[in-house]
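What's in protein_27.cif: mmCIF, C-alpha atoms
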data_data
loop_
_atom_site.group_PDB
_atom_site.id
_atom_site.type_symbol
_atom_site.label_atom_id
_atom_site.label_comp_id
_atom_site.auth_asym_id
_atom_site.auth_seq_id
_atom_site.Cartn_x
_atom_site.Cartn_y
_atom_site.Cartn_z
ATOM 1 C CA MET A 1305 -9.815 20.756 9.797
ATOM 2 C CA PRO A 1306 -6.188 19.698 9.612
ATOM 3 C CA HIS A 1307 -3.838 22.107 11.359
ATOM 4 C CA THR A 1308 -0.370 22.853 9.986
ATOM 5 C CA ASN A 1309 2.606 22.999 12.341
ATOM 6 C CA PHE A 1310 6.303 23.277 11.673
ATOM 7 C CA GLU A 1311 8.771 21.006 13.431
ATOM 8 C CA ARG A 1312 12.470 21.749 13.636
ATOM 9 C CA ARG A 1313 14.707 18.700 13.548
ATOM 10 C CA HIS A 1314 18.470 18.535 13.790
ATOM 11 C CA CYS A 1315 20.144 16.090 11.427
ATOM 12 C CA ARG A 1316 23.574 14.782 12.326
ATOM 13 C CA PRO A 1317 26.722 15.669 10.339
ATOM 14 C CA ALA A 1318 26.595 14.268 6.847
ATOM 15 C CA GLY A 1319 30.239 14.593 5.864
ATOM 16 C CA ARG A 1320 33.041 17.076 5.592
ATOM 17 C CA ALA A 1321 30.810 19.635 3.939
ATOM 18 C CA ASP A 1322 28.350 19.392 6.811
ATOM 19 C CA PRO A 1323 30.489 19.144 9.947
ATOM 20 C CA LEU A 1324 27.934 20.316 12.477
ATOM 21 C CA GLY A 1325 24.861 18.727 10.991
ATOM 22 C CA HIS A 1326 22.019 20.908 9.881
ATOM 23 C CA TRP A 1327 18.479 21.855 10.693
ATOM 24 C CA CYS A 1328 15.518 20.624 8.700
ATOM 25 C CA TYR A 1329 12.106 22.147 8.894
ATOM 26 C CA LEU A 1330 9.180 19.851 8.452
ATOM 27 C CA ARG A 1331 5.749 21.026 7.591
ATOM 28 C CA VAL A 1332 3.533 18.738 9.634
ATOM 29 C CA VAL A 1333 -0.150 18.628 8.983
ATOM 30 C CA ASP A 1334 -1.933 17.449 12.085
ATOM 31 C CA ARG A 1335 -4.750 15.231 10.977
ATOM 32 C CA SER A 1336 -5.005 13.411 14.285
ATOM 33 C CA ALA A 1337 -8.703 14.162 14.514
ATOM 34 C CA ASP A 1338 -9.287 11.983 11.446
ATOM 35 C CA ILE A 1339 -7.405 8.919 12.611
ATOM 36 C CA PRO A 1340 -9.011 6.079 14.616
ATOM 37 C CA ALA A 1341 -7.483 5.798 18.077
ATOM 38 C CA ASP A 1342 -6.147 2.278 17.535
ATOM 39 C CA ALA A 1343 -4.625 2.851 14.100
ATOM 40 C CA VAL A 1344 -0.825 2.678 14.160
ATOM 41 C CA ARG A 1345 0.808 6.039 13.408
ATOM 42 C CA TYR A 1346 3.405 5.008 10.894
ATOM 43 C CA ILE A 1347 4.529 8.490 9.912
ATOM 44 C CA GLU A 1348 5.415 9.333 13.516
ATOM 45 C CA ARG A 1349 7.089 5.986 14.090
ATOM 46 C CA THR A 1350 9.235 6.097 10.988
ATOM 47 C CA ARG A 1351 10.226 9.674 11.763
ATOM 48 C CA ALA A 1352 11.303 8.564 15.230
ATOM 49 C CA LEU A 1353 13.131 5.510 13.894
ATOM 50 C CA TYR A 1354 15.065 7.531 11.352
ATOM 51 C CA ALA A 1355 15.339 10.688 13.455
ATOM 52 C CA THR A 1356 19.015 11.196 12.709
ATOM 53 C CA GLN A 1357 18.480 11.087 8.958
ATOM 54 C CA VAL A 1358 17.149 13.837 6.740
ATOM 55 C CA PRO A 1359 13.395 13.532 7.308
ATOM 56 C CA TYR A 1360 11.520 11.768 4.539
ATOM 57 C CA ARG A 1361 9.177 14.035 2.663
ATOM 58 C CA TRP A 1362 5.906 12.147 2.703
ATOM 59 C CA VAL A 1363 3.463 12.899 -0.077
ATOM 60 C CA GLU A 1364 0.771 15.106 1.424
ATOM 61 C CA ASN A 1365 -2.203 16.163 -0.630
ATOM 62 C CA ASP A 1366 -4.220 19.100 0.625
ATOM 63 C CA PRO A 1367 -7.850 18.004 0.239
ATOM 64 C CA GLU A 1368 -8.921 21.563 -0.553
ATOM 65 C CA LYS A 1369 -6.216 22.559 -3.022
ATOM 66 C CA ASP A 1370 -5.613 19.144 -4.525
ATOM 67 C CA PRO A 1371 -8.727 17.002 -4.104
ATOM 68 C CA PRO A 1372 -8.636 13.389 -5.247
ATOM 69 C CA PRO A 1373 -9.884 12.676 -8.757
ATOM 70 C CA TRP A 1374 -13.163 10.782 -8.908
ATOM 71 C CA VAL A 1375 -14.811 8.590 -11.515
ATOM 72 C CA PRO A 1376 -18.162 7.019 -10.606
ATOM 73 C CA ILE A 1377 -18.211 3.234 -10.960
ATOM 74 C CA ARG A 1378 -20.323 2.477 -13.982
ATOM 75 C CA ARG A 1379 -20.971 -1.258 -13.837
ATOM 76 C CA PRO A 1380 -22.592 -3.400 -11.133
ATOM 77 C CA LEU A 1381 -20.193 -5.431 -9.003
ATOM 78 C CA VAL A 1382 -21.457 -8.745 -10.379
ATOM 79 C CA GLN A 1383 -20.457 -7.718 -13.892
ATOM 80 C CA SER A 1384 -17.265 -5.899 -13.003
ATOM 81 C CA ARG A 1385 -13.776 -6.576 -14.374
ATOM 82 C CA ILE A 1386 -11.341 -6.080 -11.517
ATOM 83 C CA ALA A 1387 -7.665 -5.269 -12.160
ATOM 84 C CA LEU A 1388 -5.387 -6.261 -9.283
ATOM 85 C CA ILE A 1389 -2.291 -4.127 -8.654
ATOM 86 C CA ALA A 1390 -0.111 -5.043 -5.663
ATOM 87 C CA SER A 1391 2.982 -3.271 -4.372
ATOM 88 C CA GLY A 1392 4.420 -5.937 -2.082
ATOM 89 C CA GLY A 1393 7.329 -6.853 -4.327
ATOM 90 C CA ILE A 1394 5.797 -10.138 -5.485
ATOM 91 C CA TYR A 1395 7.199 -11.845 -8.587
ATOM 92 C CA ARG A 1396 7.152 -15.313 -10.148
ATOM 93 C CA PHE A 1397 10.076 -17.669 -9.624
ATOM 94 C CA ASP A 1398 10.988 -17.353 -13.330
ATOM 95 C CA GLN A 1399 11.040 -13.553 -13.270
ATOM 96 C CA GLU A 1400 13.754 -11.182 -12.132
ATOM 97 C CA PRO A 1401 13.541 -10.146 -8.461
ATOM 98 C CA PHE A 1402 12.950 -6.505 -7.568
ATOM 99 C CA HIS A 1403 15.924 -4.386 -6.601
ATOM 100 C CA PHE A 1404 15.760 -2.770 -3.152
ATOM 101 C CA GLN A 1405 16.547 0.757 -4.317
ATOM 102 C CA ASN A 1406 14.220 2.861 -6.508
ATOM 103 C CA ASP A 1407 13.122 -0.056 -8.685
ATOM 104 C CA THR A 1408 10.262 1.294 -10.787
ATOM 105 C CA SER A 1409 9.737 -1.874 -12.819
ATOM 106 C CA HIS A 1410 6.608 -3.989 -12.654
ATOM 107 C CA ARG A 1411 5.785 -7.665 -13.196
ATOM 108 C CA GLU A 1412 2.796 -9.336 -14.811
ATOM 109 C CA ILE A 1413 1.533 -12.311 -12.823
ATOM 110 C CA PRO A 1414 -0.881 -14.727 -14.540
ATOM 111 C CA ILE A 1415 -3.856 -14.996 -12.237
ATOM 112 C CA ASP A 1416 -3.760 -18.774 -12.130
ATOM 113 C CA THR A 1417 -0.192 -18.764 -10.805
ATOM 114 C CA ASP A 1418 0.144 -21.208 -7.948
ATOM 115 C CA PRO A 1419 1.196 -19.492 -4.697
ATOM 116 C CA SER A 1420 4.201 -21.825 -4.481
ATOM 117 C CA GLU A 1421 5.575 -20.216 -7.650
ATOM 118 C CA LEU A 1422 5.610 -16.717 -6.156
ATOM 119 C CA ARG A 1423 8.545 -14.982 -4.473
ATOM 120 C CA ILE A 1424 8.891 -11.699 -2.614
ATOM 121 C CA SER A 1425 11.646 -9.120 -2.632
ATOM 122 C CA HIS A 1426 10.814 -6.061 -0.543
ATOM 123 C CA PHE A 1427 12.726 -4.480 2.319
ATOM 124 C CA GLY A 1428 9.987 -2.385 3.838
ATOM 125 C CA TYR A 1429 7.759 -4.900 5.587
ATOM 126 C CA ASP A 1430 8.047 -8.167 7.421
ATOM 127 C CA SER A 1431 7.301 -10.519 4.521
ATOM 128 C CA ARG A 1432 7.606 -13.849 6.340
ATOM 129 C CA ASP A 1433 3.864 -14.526 6.360
ATOM 130 C CA ALA A 1434 3.527 -13.263 2.784
ATOM 131 C CA ARG A 1435 6.227 -15.701 1.658
ATOM 132 C CA GLU A 1436 4.395 -18.534 3.345
ATOM 133 C CA ASP A 1437 1.112 -17.445 1.727
ATOM 134 C CA PRO A 1438 1.331 -14.739 -0.938
ATOM 135 C CA GLY A 1439 -2.460 -14.427 -0.710
ATOM 136 C CA CYS A 1440 -1.813 -12.059 2.223
ATOM 137 C CA VAL A 1441 -0.534 -9.417 -0.172
ATOM 138 C CA LEU A 1442 -1.610 -10.680 -3.621
ATOM 139 C CA PRO A 1443 -5.139 -12.153 -3.314
ATOM 140 C CA LEU A 1444 -5.219 -14.109 -6.592
ATOM 141 C CA ARG A 1445 -7.107 -17.106 -5.267
ATOM 142 C CA ALA A 1446 -9.581 -14.936 -3.373
ATOM 143 C CA LEU A 1447 -10.409 -12.957 -6.507
ATOM 144 C CA ARG A 1448 -10.643 -16.103 -8.645
ATOM 145 C CA GLN A 1449 -13.083 -17.615 -6.167
ATOM 146 C CA LEU A 1450 -15.163 -14.436 -6.069
ATOM 147 C CA ALA A 1451 -15.348 -14.525 -9.861
ATOM 148 C CA ALA A 1452 -16.244 -18.219 -9.882
ATOM 149 C CA ALA A 1453 -18.975 -17.557 -7.313
ATOM 150 C CA GLY A 1454 -20.405 -14.741 -9.411
ATOM 151 C CA VAL A 1455 -19.737 -12.048 -6.793
ATOM 152 C CA ILE A 1456 -17.600 -10.168 -9.298
ATOM 153 C CA GLY A 1457 -17.659 -10.411 -13.091
ATOM 154 C CA ALA A 1458 -14.021 -11.294 -13.632
ATOM 155 C CA VAL A 1459 -10.506 -10.778 -12.323
ATOM 156 C CA ILE A 1460 -8.333 -9.423 -15.100
ATOM 157 C CA ASP A 1461 -5.405 -11.541 -16.263
ATOM 158 C CA PRO A 1462 -2.567 -10.757 -15.567
ATOM 159 C CA ALA A 1463 -2.296 -9.087 -12.182
ATOM 160 C CA LEU A 1464 0.319 -6.322 -11.919
ATOM 161 C CA THR A 1465 2.894 -6.108 -9.158
ATOM 162 C CA PHE A 1466 5.703 -3.753 -8.238
ATOM 163 C CA MET A 1467 7.988 -3.014 -5.309
ATOM 164 C CA GLY A 1468 6.421 -0.170 -3.369
ATOM 165 C CA GLY A 1469 9.514 0.856 -1.419
ATOM 166 C CA ILE A 1470 10.482 3.455 -3.976
ATOM 167 C CA TYR A 1471 12.205 6.247 -2.089
ATOM 168 C CA SER A 1472 11.715 8.753 -4.893
ATOM 169 C CA ALA A 1473 8.033 9.632 -5.081
ATOM 170 C CA ARG A 1474 8.825 11.583 -8.235
ATOM 171 C CA ARG A 1475 10.201 8.523 -10.007
ATOM 172 C CA ALA A 1476 7.240 6.430 -8.943
ATOM 173 C CA ARG A 1477 4.941 9.103 -10.321
ATOM 174 C CA ASP A 1478 6.829 9.715 -13.552
ATOM 175 C CA GLU A 1479 8.096 6.249 -14.434
ATOM 176 C CA LEU A 1480 5.945 3.573 -12.840
ATOM 177 C CA ALA A 1481 2.471 5.054 -12.510
ATOM 178 C CA PRO A 1482 1.953 6.028 -16.174
ATOM 179 C CA ARG A 1483 2.980 2.548 -17.290
ATOM 180 C CA LEU A 1484 0.514 0.872 -14.930
ATOM 181 C CA ARG A 1485 -2.173 3.334 -15.908
ATOM 182 C CA ASP A 1486 -1.746 2.510 -19.605
ATOM 183 C CA ILE A 1487 -1.964 -1.233 -18.963
ATOM 184 C CA VAL A 1488 -5.105 -0.839 -16.833
ATOM 185 C CA LEU A 1489 -6.708 1.255 -19.571
ATOM 186 C CA ARG A 1490 -5.938 -1.418 -22.185
ATOM 187 C CA GLN A 1491 -7.340 -4.081 -19.855
ATOM 188 C CA GLN A 1492 -10.657 -2.203 -19.758
ATOM 189 C CA ALA A 1493 -10.934 -2.560 -16.013
ATOM 190 C CA ASP A 1494 -14.087 -1.398 -14.265
ATOM 191 C CA LEU A 1495 -12.082 -0.988 -11.060
ATOM 192 C CA ALA A 1496 -8.371 -1.024 -10.285
ATOM 193 C CA TYR A 1497 -7.882 -2.726 -6.913
ATOM 194 C CA LEU A 1498 -4.656 -1.469 -5.302
ATOM 195 C CA VAL A 1499 -3.179 -3.631 -2.563
ATOM 196 C CA PRO A 1500 -0.153 -2.407 -0.602
ATOM 197 C CA ALA A 1501 1.843 -4.667 1.699
ATOM 198 C CA MET B 1422 -3.379 8.827 -11.853
ATOM 199 C CA ILE B 1423 -5.429 5.781 -12.828
ATOM 200 C CA GLU B 1424 -8.616 7.473 -11.597
ATOM 201 C CA ALA B 1425 -7.687 10.637 -13.470
ATOM 202 C CA ALA B 1426 -7.424 8.525 -16.628
ATOM 203 C CA GLY B 1427 -11.032 7.382 -16.180
ATOM 204 C CA VAL B 1428 -10.753 4.087 -14.293
ATOM 205 C CA PRO B 1429 -12.266 3.961 -10.792
ATOM 206 C CA THR B 1430 -9.834 2.795 -8.120
ATOM 207 C CA LEU B 1431 -9.959 1.321 -4.646
ATOM 208 C CA ALA B 1432 -6.845 1.343 -2.457
ATOM 209 C CA MET B 1433 -6.492 -0.975 0.506
ATOM 210 C CA THR B 1434 -4.575 0.231 3.518
ATOM 211 C CA SER B 1435 -3.415 -0.741 6.972
ATOM 212 C CA ALA B 1436 -1.804 2.662 7.559
ATOM 213 C CA TRP B 1437 -4.587 5.153 8.138
ATOM 214 C CA ASP B 1438 -2.281 8.127 8.763
ATOM 215 C CA ILE B 1439 -0.399 7.661 5.501
ATOM 216 C CA THR B 1440 -3.631 7.148 3.585
ATOM 217 C CA THR B 1441 -5.098 10.318 5.102
ATOM 218 C CA ALA B 1442 -2.087 12.265 3.850
ATOM 219 C CA VAL B 1443 -2.275 10.839 0.341
ATOM 220 C CA ARG B 1444 -6.110 10.760 0.050
ATOM 221 C CA PRO B 1445 -6.747 8.256 -2.764
ATOM 222 C CA PRO B 1446 -10.217 8.457 -4.331
ATOM 223 C CA ARG B 1447 -11.456 5.399 -2.373
ATOM 224 C CA SER B 1448 -9.729 3.571 0.487
ATOM 225 C CA ALA B 1449 -10.611 0.523 2.566
ATOM 226 C CA PHE B 1450 -8.766 0.180 5.883
ATOM 227 C CA VAL B 1451 -8.031 -3.102 7.637
ATOM 228 C CA HIS B 1452 -6.454 -2.883 11.101
ATOM 229 C CA TYR B 1453 -3.893 -5.627 10.496
ATOM 230 C CA PRO B 1454 -0.086 -5.570 10.710
ATOM 231 C CA LEU B 1455 1.766 -4.506 7.578
ATOM 232 C CA GLY B 1456 2.343 -7.412 5.266
ATOM 233 C CA HIS B 1457 -1.134 -8.833 5.827
ATOM 234 C CA GLN B 1458 -3.216 -6.429 3.838
ATOM 235 C CA THR B 1459 -5.587 -9.033 2.462
ATOM 236 C CA GLY B 1460 -5.523 -11.548 5.281
ATOM 237 C CA ARG B 1461 -3.718 -14.097 7.382
ATOM 238 C CA PRO B 1462 -1.476 -16.769 5.869
ATOM 239 C CA GLY B 1463 -3.348 -19.950 5.070
ATOM 240 C CA ASP B 1464 -6.714 -18.327 5.720
ATOM 241 C CA LEU B 1465 -8.285 -18.294 2.251
ATOM 242 C CA ASP B 1466 -11.798 -17.793 3.631
ATOM 243 C CA GLY B 1467 -10.582 -14.739 5.528
ATOM 244 C CA GLN B 1468 -8.863 -13.392 2.417
ATOM 245 C CA ILE B 1469 -12.032 -13.863 0.386
ATOM 246 C CA ALA B 1470 -14.015 -12.081 3.108
ATOM 247 C CA ILE B 1471 -11.653 -9.106 3.209
ATOM 248 C CA VAL B 1472 -11.500 -8.700 -0.566
ATOM 249 C CA ARG B 1473 -15.241 -9.043 -0.885
ATOM 250 C CA ALA B 1474 -15.898 -6.518 1.903
ATOM 251 C CA ALA B 1475 -13.474 -4.058 0.306
ATOM 252 C CA LEU B 1476 -15.045 -4.315 -3.152
ATOM 253 C CA GLU B 1477 -18.574 -4.050 -1.777
ATOM 254 C CA ALA B 1478 -17.534 -0.969 0.187
ATOM 255 C CA ALA B 1479 -16.090 0.596 -2.956
ATOM 256 C CA TRP B 1480 -19.418 0.224 -4.704
ATOM 257 C CA ARG B 1481 -21.104 2.043 -1.803
ATOM 258 C CA MET B 1482 -18.674 4.963 -1.565
ATOM 259 C CA GLU B 1483 -19.880 8.258 -2.915
ATOM 260 C CA ARG B 1484 -17.344 10.907 -1.918
ATOM 261 C CA ALA B 1485 -13.824 11.279 -3.203
ATOM 262 C CA GLY B 1486 -11.205 10.715 -0.510
ATOM 263 C CA GLU B 1487 -13.347 8.530 1.708
ATOM 264 C CA ILE B 1488 -11.674 5.903 3.903
ATOM 265 C CA VAL B 1489 -13.920 3.061 5.055
ATOM 266 C CA ARG B 1490 -12.869 0.840 7.940
ATOM 267 C CA LEU B 1491 -13.571 -2.839 7.307
ATOM 268 C CA PRO B 1492 -14.741 -4.855 10.342
ATOM 269 C CA PHE B 1493 -11.834 -7.283 10.726
ATOM 270 C CA ARG B 1494 -9.847 -7.842 13.944
ATOM 271 C CA TRP B 1495 -6.363 -9.312 13.910
ATOM 272 C CA GLY B 1496 -6.801 -11.159 17.185
ATOM 273 C CA GLY B 1497 -4.138 -13.424 18.617
ATOM 274 C CA ASP B 1498 -0.853 -11.529 18.720
ATOM 275 C CA GLU B 1499 -1.837 -8.725 21.119
ATOM 276 C CA GLY B 1500 1.391 -6.753 21.128
ATOM 277 C CA TRP B 1501 1.579 -6.140 17.395
ATOM 278 C CA GLU B 1502 0.464 -2.532 17.436
ATOM 279 C CA GLU B 1503 3.192 -1.498 19.881
ATOM 280 C CA ARG B 1504 5.869 -3.362 17.941
ATOM 281 C CA ALA B 1505 4.981 -2.054 14.478
ATOM 282 C CA TYR B 1506 7.944 0.045 13.286
ATOM 283 C CA ALA B 1507 8.993 0.596 16.888
ATOM 284 C CA PRO B 1508 12.707 0.831 17.757
ATOM 285 C CA GLY B 1509 14.226 -2.649 17.621
ATOM 286 C CA HIS B 1510 11.467 -3.846 15.288
ATOM 287 C CA THR B 1511 12.513 -2.599 11.886
ATOM 288 C CA PRO B 1512 11.223 -4.680 8.997
ATOM 289 C CA THR B 1513 13.428 -7.496 7.801
ATOM 290 C CA GLY B 1514 15.201 -7.413 4.501
ATOM 291 C CA THR B 1515 15.077 -10.177 1.947
ATOM 292 C CA ASP B 1516 17.783 -12.060 3.812
ATOM 293 C CA GLY B 1517 15.910 -11.821 7.095
ATOM 294 C CA LYS B 1518 18.302 -9.264 8.559
ATOM 295 C CA PRO B 1519 17.308 -5.696 9.550
ATOM 296 C CA VAL B 1520 17.954 -3.214 6.779
ATOM 297 C CA ARG B 1521 20.466 -0.390 7.137
ATOM 298 C CA VAL B 1522 18.838 2.834 6.028
ATOM 299 C CA ALA B 1523 20.543 4.175 2.896
ATOM 300 C CA ARG B 1524 21.694 7.824 3.042
#

Please render this file's structure as structure tokens.
Amino acid sequence: MPHTNFERRHCRPAGRADPLGHWCYLRVVDRSADIPADAVRYIERTRALYATQVPYRWVENDPEKDPPPWVPIRRPLVQSRIALIASGGIYRFDQEPFHFQNDTSHREIPIDTDPSELRISHFGYDSRDAREDPGCVLPLRALRQLAAAGVIGAVIDPALTFMGGIYSARRARDELAPRLRDIVLRQQADLAYLVPA
Amino acid sequence: MIEAAGVPTLAMTSAWDITTAVRPPRSAFVHYPLGHQTGRPGDLDGQIAIVRAALEAAWRMERAGEIVRLPFRWGGDEGWEERAYAPGHTPTGTDGKPVRVAR
């Protein structure tokens, strides 16, 4: 069972109104028993990296109070329509780039777009390999080949992309997510395949 | 939100701790560096294998909140786990320079 601790962290002075800095209290849920030993602990590392800033409030869902929703998959894989949604900030050369701060827009990428026509604007990950081959974070060709080989029914056209480095979880939830949800519903997807970067 | 609207979802991840906190309905974990969620650059066969393994795992999952680890090893660059988001290794911005954290 996850165990809840509280951590006290001092944040450095933030201006004239906050000359001595201030204390923040973090509710930390210790789920270390769940995590494979070799998995990188990104929450710890980003907290350490940004230790002098106000700690970021990660979304934490209590599995007992707020369990994940669940819809059984109704169609066999070989007949399935797969919607691809990727958050790595990928866009086509003829589209507007993503802004680095709280950009809740999305792009529609035709699934036959050549990788050379794709660009990336995202501050939160090392995108050098993804720029060289966008298939690392937007697997269009892989899905097209799986459809051609009959492993899946179809990959839905277009794919949807956004820039996942949205600091405000509330804005992502209220502005971006409903829009993507409505598109996926119209596309009659059997599964929405979410790929972060 | 998509699952709540009636469409099954599968989330990929390379950050198990973040995924555990969020608990999507279905998750498939690949132990690769960030920015390589669906494979290595230029390795289309590997990308096909990862995507296929993820989708097949989704069809086998039966409990909400499950995270399945896919059997792929990064190989090669042995120090990547230590360097990931470690001091001095912040991700690059779009101009290739480290990003100053906004207040």

(message) Could you tell me, as a ChimeraX atom specification, exactly which residues end up selected when the PyMOL selection byres ((chain B) within 8 of (chain A)) is applied to this structure?
(response) /B:1422-1434,1436-1439,1441-1446,1452,1455-1463,1465-1466,1468-1469,1472-1473,1476-1477,1480,1483,1485-1486,1502,1505-1508,1512-1515,1520,1524

(request) Go ahead and compute the interatomic distance for CA of Ala1449 in chain B and CA of Arg1490 in chain B, in Å to one decimal. (result)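 Going from CA of Ala1449 in chain B over to CA of Arg1490 in chain B covers 5.8 Å.
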
(request) Rounded to one decimal place, report the CA of Gly1496 in chain B-CA of Gly1469 in chain A distance in Å. (result) 27.5 Å

(request) List the residues sitting within 10 Å of (-3.1, -13.6, -17.0) in the file's frame, using only C-alpha atoms, as a list in words. (result) Glu1412, Ile1413, Pro1414, Ile1415, Asp1416, Thr1417, Val1459, Ile1460, Asp1461, Pro1462, Ala1463 and Leu1464 of chain A

Selection file, C-alpha atoms, as a short mmCIF file (atom, residue, chain, number, x, y, z; two decimals), in the coordinates of the input:
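Generated file (part10.cif):
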data_model
loop_
_atom_site.label_atom_id
_atom_site.label_comp_id
_atom_site.auth_asym_id
_atom_site.auth_seq_id
_atom_site.Cartn_x
_atom_site.Cartn_y
_atom_site.Cartn_z
CA GLU A 1412 2.80 -9.34 -14.81
CA ILE A 1413 1.53 -12.31 -12.82
CA PRO A 1414 -0.88 -14.73 -14.54
CA ILE A 1415 -3.86 -15.00 -12.24
CA ASP A 1416 -3.76 -18.77 -12.13
CA THR A 1417 -0.19 -18.76 -10.80
CA VAL A 1459 -10.51 -10.78 -12.32
CA ILE A 1460 -8.33 -9.42 -15.10
CA ASP A 1461 -5.40 -11.54 -16.26
CA PRO A 1462 -2.57 -10.76 -15.57
CA ALA A 1463 -2.30 -9.09 -12.18
CA LEU A 1464 0.32 -6.32 -11.92
#

(message) Just checking: using all atoms listed in the file, which residue out of A:Ser1420, A:Thr1408, A:Gln1491, A:Ser1391 ends up closest to Ala1476 in chain A?
(response)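 For Ala1476 in chain A, the nearest of the candidates is A:Thr1408.
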
(message) Here's the selection I'm unsure about, the PyMOL selection byres ((chain A and resi 1396) around 8); applied to the file above, which residues does it give, as a VMD selection string?
(response) chain A and resid 1394 to 1395 1397 to 1399 1413 1421 to 1423

Writer output for current selection, C-alpha atoms, as a compact mmCIF listing (two decimals), keeping the file's coordinate frame:
# COMPACT_ATOMS: atom_id res chain seq x y z
CA ILE A 1394 5.80 -10.14 -5.48
CA TYR A 1395 7.20 -11.84 -8.59
CA PHE A 1397 10.08 -17.67 -9.62
CA ASP A 1398 10.99 -17.35 -13.33
CA GLN A 1399 11.04 -13.55 -13.27
CA ILE A 1413 1.53 -12.31 -12.82
CA GLU A 1421 5.58 -20.22 -7.65
CA LEU A 1422 5.61 -16.72 -6.16
CA ARG A 1423 8.54 -14.98 -4.47

(request) Between CA of Arg1494 in chain B and CA of Ser1384 in chain A, measure the distance and give it in Å to one decimal. (result)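 Between CA of Arg1494 in chain B and CA of Ser1384 in chain A the gap is 28.0 Å.
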
Would you compute the box with edges along x, y and z of the file around range 1336-1350 of chain A, including every atom the file lists for it and 6 Å extra on each side, and give its centre and edge lengths in Å to one decimal, as AutoDock Vina command-line options?
--center_x 0.0 --center_y 8.2 --center_z 14.0 --size_x 30.5 --size_y 23.9 --size_z 20.2

(request) Counting all atoms listed in the file, figure out which residue out of A:Ile1470, A:Asn1406, A:Ala1341, A:Arg1385 gets nearest to Gly1457 in chain A. (result)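 With all atoms listed in the file as the atom set, the closest residue is A:Arg1385.
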
Would you mind putting back N, CA and C atoms on range 1496-1507 of chain B, then writing it out as a PDB file, in the coordinates of the input?
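What landed in selection.pdb:
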ATOM      1  N   GLY B1496      -6.699 -10.120  16.160  1.00  0.00           N
ATOM      2  CA  GLY B1496      -6.801 -11.159  17.185  1.00  0.00           C
ATOM      3  C   GLY B1496      -5.472 -11.844  17.429  1.00  0.00           C
ATOM      4  N   GLY B1497      -5.383 -12.670  18.419  1.00  0.00           N
ATOM      5  CA  GLY B1497      -4.138 -13.424  18.617  1.00  0.00           C
ATOM      6  C   GLY B1497      -3.034 -12.561  19.176  1.00  0.00           C
ATOM      7  N   ASP B1498      -2.091 -12.218  18.357  1.00  0.00           N
ATOM      8  CA  ASP B1498      -0.853 -11.529  18.720  1.00  0.00           C
ATOM      9  C   ASP B1498      -1.116 -10.124  19.268  1.00  0.00           C
ATOM     10  N   GLU B1499      -1.303  -9.978  20.572  1.00  0.00           N
ATOM     11  CA  GLU B1499      -1.837  -8.725  21.119  1.00  0.00           C
ATOM     12  C   GLU B1499      -0.847  -7.580  21.101  1.00  0.00           C
ATOM     13  N   GLY B1500       0.451  -7.866  21.046  1.00  0.00           N
ATOM     14  CA  GLY B1500       1.391  -6.753  21.128  1.00  0.00           C
ATOM     15  C   GLY B1500       1.750  -6.128  19.794  1.00  0.00           C
ATOM     16  N   TRP B1501       1.070  -6.516  18.716  1.00  0.00           N
ATOM     17  CA  TRP B1501       1.579  -6.140  17.395  1.00  0.00           C
ATOM     18  C   TRP B1501       1.541  -4.640  17.136  1.00  0.00           C
ATOM     19  N   GLU B1502       0.558  -3.969  17.712  1.00  0.00           N
ATOM     20  CA  GLU B1502       0.464  -2.532  17.436  1.00  0.00           C
ATOM     21  C   GLU B1502       1.630  -1.757  18.047  1.00  0.00           C
ATOM     22  N   GLU B1503       2.053  -2.188  19.254  1.00  0.00           N
ATOM     23  CA  GLU B1503       3.192  -1.498  19.881  1.00  0.00           C
ATOM     24  C   GLU B1503       4.474  -1.763  19.102  1.00  0.00           C
ATOM     25  N   ARG B1504       4.597  -2.993  18.570  1.00  0.00           N
ATOM     26  CA  ARG B1504       5.869  -3.362  17.941  1.00  0.00           C
ATOM     27  C   ARG B1504       6.017  -2.802  16.530  1.00  0.00           C
ATOM     28  N   ALA B1505       4.911  -2.446  15.892  1.00  0.00           N
ATOM     29  CA  ALA B1505       4.981  -2.054  14.478  1.00  0.00           C
ATOM     30  C   ALA B1505       5.895  -0.844  14.300  1.00  0.00           C
ATOM     31  N   TYR B1506       7.007  -1.030  13.564  1.00  0.00           N
ATOM     32  CA  TYR B1506       7.944   0.045  13.286  1.00  0.00           C
ATOM     33  C   TYR B1506       8.436   0.743  14.546  1.00  0.00           C
ATOM     34  N   ALA B1507       8.431   0.026  15.658  1.00  0.00           N
ATOM     35  CA  ALA B1507       8.993   0.596  16.888  1.00  0.00           C
ATOM     36  C   ALA B1507      10.500   0.334  16.902  1.00  0.00           C
TER      37      ALA B1507
END
